[in-house]
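Read the structure below first, then the notes.
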Amino acid sequence: MSTGALVDRFGRVATDLRVSLTDRCNLRCSYCMPAEGLDWLPTEGVLTDDEVVRLITIGVEHLGVREVRFTGGEPLLRRGLVDIVRRTTQLRPRPETSITTNALGLTRTAHALAEAGLDRVNVSLDTVRRDDFLTITRRDRLHDVIAGLEAAAEAGLGPVKVNAVLLRGVNDQQAPELLRWCMDRGYELRFIEQMPLDAQHGWSRAEMITAEEIFASLRSVFTLEPVGEPRGSAPAELFAVDGGPHTVGVIASVTRPFCGDCDRVRLTADGQVRNCLFAREESDLRAALRGDADDHEIADRWRAAMLTKRPGHGIDDVSFLQPSRPMSAIGG
C-alpha cells in the first residue's frame with residue numbers, strides 16, 4: 001500500500017535509500033577518520049535489526065523506495081547483516097539491494113549474502129600497491145580486500161564495482177594502473193572526488209584531485225567515450241574505455257554536482273533521516289519507533305523530513321559548513 005512518495009519542495013523523488021548499519025570500521029582511512037578512531041555510537045543508540053527492517057519496510061511499502069544500499073562505517077561488522085538483507089529482499093515490491101564495503105570479511109560472508117538475496121557489492125579500494133594501501137588505510141590488509149573482491153565475484157554479486165579516491169601525493173598518479181587492474185579482473189571502477197566528510201575537517205579544495213585531473217590521467221593511457229544517455233540520478237558519468245566493453249565512471253560530487261537529479265535519502269545507524277549527504281539537520285525516526293508510533297505516523301515524519309531538503313549541497317558557497325558528522329557516521 002502506498003501513501004505518498006518521498007518528494008521534496010523541488011520535485012525530486014527519493015527512491016534510493018542508503019542505510020548505515022554501524023559507524024564502526026576496521027580501517028582508518030586518512031580521508032575519513034583519525035588513526036585512533038572515533039567515539040563510536042553507544043550500543044543502545046543504534047537501531048536494532050528489527051528496527052532497521054521496520055524502517056526499510058515503511059520505506060518500501062509506504063514511500064516508494066526501490067533501492068536499498070547498506071553502508072557503514074563498515075556494514076560487514078554488523079552481526080545481523082545477512083538476516084537484514086534476507087528480510088529486505090523478501091519485501092514486495094522487492095527492492096534492489098547492495099552494500100558498500102571495504103571487503104574485509106567478504107570471503108566469509110559473500111555466499112551467505114548472495115543466498116540472502118543481495119544483488120551486488122561496491123568495494124572501496126584506492127590503490128593496489130601494498131605500501132600505499134597501508135599509508136591510506138593505516139592497516140596492512142590489501143590482500144584481504146583482494147580476496148574479498150574475488151569472493152564477491154565468485155558468489156555472483158556482480159557486477160562488482162570498485163570505488164576509488166585519489167589523494168594528492170599518495171596515489172594520484174595511479175588512475176590508469178587501477179583501471180587496468182580492474183578491467184583485467186572484470187570489476188567496474190568508479191573514481192570519486194574526495195568530499196568534505198572527514199572527521200578531522202581537514203578537507204581542502206586545493207588538495208582534492210578533481211574530475212578533470214582524473215580524466216587527464218586516464219586519457220594519457222586510454223581513450224574514453226561517453227556511454228549512452230545523460231546520467232540522470234546516477235552519480236557516475238560513465239565512459240567506454242578503448243571502445244569498450246569495459247567502462248569507467250567518475251563521480252564528481254564537488255566539481256560537477258548532480259543535486260538537481262538526486263534521488264537519495266539516508267538513514268543513520270541511530271535512526272536519523274538525512275535528506276542530503278551534506279545536510280546539517282537530521283530528523284529523528286528512532287524516537288518515533290521507540291515511542292510506539294504506527295507505520296503511517298513514521299511515514300509522515302519521513303515525508304516531512306524531505307521537505308527541508310535544499311536545492312544543492314552548497315560546497316561551492318562561501319557559507320558552506322561541513323556536516324558535524326563524518327562519513328563513517330552518516331553512511332555513503
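Scheme for the C-alpha cells: letters A, B, ... for chains in order shown; per-chain residue numbers from 1; ligand numbers from 1 in order shown.
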Quick one: everything within 12 Å of range 60-62 of chain A, counting only C-alpha atoms, minus sequence neighbours fewer than 3 positions away in the same chain. Send it as a compact mmCIF listing (two decimals) with C-alpha atoms, in the first residue's frame.
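File out09.txt, as written:
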# COMPACT_ATOMS: atom_id res chain seq x y z
CA MET A 1 0.00 0.00 0.00
CA SER A 2 1.41 3.40 -0.96
CA THR A 3 0.51 6.60 0.82
CA GLY A 4 2.77 9.07 -1.00
CA ALA A 5 6.37 9.21 -2.14
CA LEU A 6 9.35 10.98 -0.60
CA ALA A 14 13.78 9.80 -3.29
CA THR A 15 13.63 6.13 -4.27
CA ASP A 16 17.19 5.14 -3.29
CA LEU A 17 17.64 4.54 0.45
CA VAL A 53 13.93 -3.74 8.90
CA ARG A 54 10.80 -1.95 10.04
CA LEU A 55 12.03 1.39 8.68
CA ILE A 56 13.09 -0.22 5.40
CA THR A 57 9.66 -1.85 5.18
CA VAL A 65 11.76 3.15 -2.01
CA ARG A 66 13.07 0.87 -4.77
CA GLU A 67 16.76 0.54 -3.96
CA VAL A 68 18.38 -0.16 -0.59
CA THR A 88 14.72 -6.79 2.95
CA THR A 89 14.73 -8.88 -0.22
CA GLN A 90 11.52 -10.59 0.91
CA LEU A 91 9.65 -7.26 0.78
CA ARG A 92 7.23 -6.55 -2.05
CA PRO A 93 7.83 -4.85 -4.33
CA ARG A 94 11.31 -6.32 -3.91
CA PRO A 95 13.93 -3.56 -3.70
CA GLU A 96 17.32 -3.84 -5.39
CA THR A 97 19.89 -4.38 -2.64
CA ASP A 295 3.82 2.99 10.40
CA HIS A 296 1.67 5.80 8.99
CA GLU A 297 2.95 8.28 11.57
CA ILE A 298 6.57 7.31 10.90
CA ALA A 299 5.97 7.60 7.14
CA ASP A 300 4.51 11.08 7.67
CA TRP A 302 9.84 10.80 6.98
CA ARG A 303 7.97 12.69 4.26
Polymer residues at most 8 Å from range 130-135 of chain A, only C-alpha atoms, same-chain spacing of 5 or more positions, as a PDB file with N, CA and C atoms, in the first residue's frame:
ATOM      1  N   ASP A 140      47.562  -3.060   7.119  1.00  0.00           N
ATOM      2  CA  ASP A 140      48.211  -3.866   6.081  1.00  0.00           C
ATOM      3  C   ASP A 140      47.253  -4.990   5.662  1.00  0.00           C
ATOM      4  N   ARG A 141      46.171  -4.615   4.968  1.00  0.00           N
ATOM      5  CA  ARG A 141      45.116  -5.590   4.675  1.00  0.00           C
ATOM      6  C   ARG A 141      44.769  -5.670   3.183  1.00  0.00           C
ATOM      7  N   LEU A 142      45.644  -5.205   2.319  1.00  0.00           N
ATOM      8  CA  LEU A 142      45.323  -5.220   0.892  1.00  0.00           C
ATOM      9  C   LEU A 142      44.989  -6.626   0.402  1.00  0.00           C
ATOM     10  N   VAL A 170      49.899  10.809  -2.907  1.00  0.00           N
ATOM     11  CA  VAL A 170      49.883   9.413  -2.444  1.00  0.00           C
ATOM     12  C   VAL A 170      49.624   8.473  -3.616  1.00  0.00           C
ATOM     13  N   ASN A 171      48.398   8.516  -4.156  1.00  0.00           N
ATOM     14  CA  ASN A 171      48.047   7.612  -5.252  1.00  0.00           C
ATOM     15  C   ASN A 171      47.513   8.356  -6.467  1.00  0.00           C
TER      16      ASN A 171
END
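With only C-alpha atoms as the atoms that count, the residue of A:Ala269, A:Arg86, A:Val123, A:Met208 with the shortest distance to Thr22 in chain A is A:Ala269.
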Practice prompt. Name the residues of range 100-147 of chain A that fall into strand (DSSP E or B) according to DSSP on the backbone, using the chain letters and numbers of this document, as a VMD selection string.
Written response: chain A and resid 100 to 101 120 to 124
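Around Leu47 in chain A, within 8 Å and counting only C-alpha atoms, the residues found are Ala269, Asp270, Gly271 and Arg286 of chain A, once anything fewer than 6 positions away on its own chain is removed.
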Worksheet item: Hey, what's within 9 Å of Glu212 in chain A if we count only C-alpha atoms and toss same-chain stuff fewer than 4 positions away? As a ChimeraX atom specification, please?
Response: /A:216-217,255
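Distance check against Glu225 in chain A using only C-alpha atoms: of A:Leu167, A:Leu277, A:Leu238, A:Cys25, the minimum falls on A:Leu238.
One distance worth recording is that between CA of Ala147 in chain A and CA of Thr107 in chain A, which is 6.5 Å.
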Practice prompt. Take CA of Gly291 in chain A and CA of Val265 in chain A and report the distance between them in Å, one decimal.
Written response: 22.8 Å
Practice prompt. Excluding Asn26 in chain A and any residue of its chain fewer than 6 positions from it, enumerate the residues within 12 Å of it, using only C-alpha atoms, and give them as a PyMOL selection string.
Written response: chain A and resi 33+35-38+72-78+101-105+137-141+145+328
Any chance you can output those residues with C-alpha atoms as a PDB file, in the first residue's frame?
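Saved to out.pdb:
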ATOM      1  CA  MET A  33      38.853   9.267  10.327  1.00  0.00           C
ATOM      2  CA  ALA A  35      44.345   6.976  13.304  1.00  0.00           C
ATOM      3  CA  GLU A  36      42.981   6.489  16.823  1.00  0.00           C
ATOM      4  CA  GLY A  37      39.422   6.102  15.546  1.00  0.00           C
ATOM      5  CA  LEU A  38      36.365   7.928  16.833  1.00  0.00           C
ATOM      6  CA  GLY A  72      28.562   1.972   7.444  1.00  0.00           C
ATOM      7  CA  GLY A  73      31.093   2.571   8.787  1.00  0.00           C
ATOM      8  CA  GLU A  74      31.713  -0.960   7.611  1.00  0.00           C
ATOM      9  CA  PRO A  75      28.433  -2.892   7.192  1.00  0.00           C
ATOM     10  CA  LEU A  76      30.141  -6.299   7.371  1.00  0.00           C
ATOM     11  CA  LEU A  77      30.776  -5.546  11.057  1.00  0.00           C
ATOM     12  CA  ARG A  78      27.026  -5.683  11.676  1.00  0.00           C
ATOM     13  CA  THR A 101      32.101  -2.261   1.922  1.00  0.00           C
ATOM     14  CA  ASN A 102      35.865  -2.355   2.363  1.00  0.00           C
ATOM     15  CA  ALA A 103      35.611  -6.108   1.576  1.00  0.00           C
ATOM     16  CA  LEU A 104      37.389  -7.215   4.751  1.00  0.00           C
ATOM     17  CA  GLY A 105      35.416 -10.290   5.738  1.00  0.00           C
ATOM     18  CA  THR A 137      44.128   2.901   5.473  1.00  0.00           C
ATOM     19  CA  ARG A 138      46.747   2.540   8.239  1.00  0.00           C
ATOM     20  CA  ARG A 139      46.226  -1.230   8.006  1.00  0.00           C
ATOM     21  CA  ASP A 140      48.211  -3.866   6.081  1.00  0.00           C
ATOM     22  CA  ARG A 141      45.116  -5.590   4.675  1.00  0.00           C
ATOM     23  CA  VAL A 145      40.457  -6.809   0.214  1.00  0.00           C
ATOM     24  CA  SER A 328      31.573   6.993   8.864  1.00  0.00           C
TER      25      SER A 328
END
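Minimum atom-to-atom distance to Gly260 in chain A, evaluated using only C-alpha atoms, belongs to A:Pro311 out of A:Gln272, A:Thr247, A:Val221, A:Pro311.
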Give me the residues within 8 Å of Leu267 in chain A as a compact mmCIF listing (two decimals) with C-alpha atoms, in the first residue's frame, counting only C-alpha atoms and dropping any in the same chain fewer than 4 places off.
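Okay, out16.txt is ready:
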# COMPACT_ATOMS: atom_id res chain seq x y z
CA LEU A 17 17.64 4.54 0.45
CA ARG A 18 21.14 4.36 1.98
CA VAL A 19 21.04 2.57 5.35
CA SER A 20 24.02 2.90 7.69
CA GLY A 271 17.76 6.20 13.25
CA GLN A 272 18.09 9.74 11.88
CA VAL A 273 16.90 10.70 8.41
CA ARG A 274 19.34 12.79 6.39
CA ILE A 330 26.39 9.15 8.02
CA GLY A 331 26.73 6.25 5.60
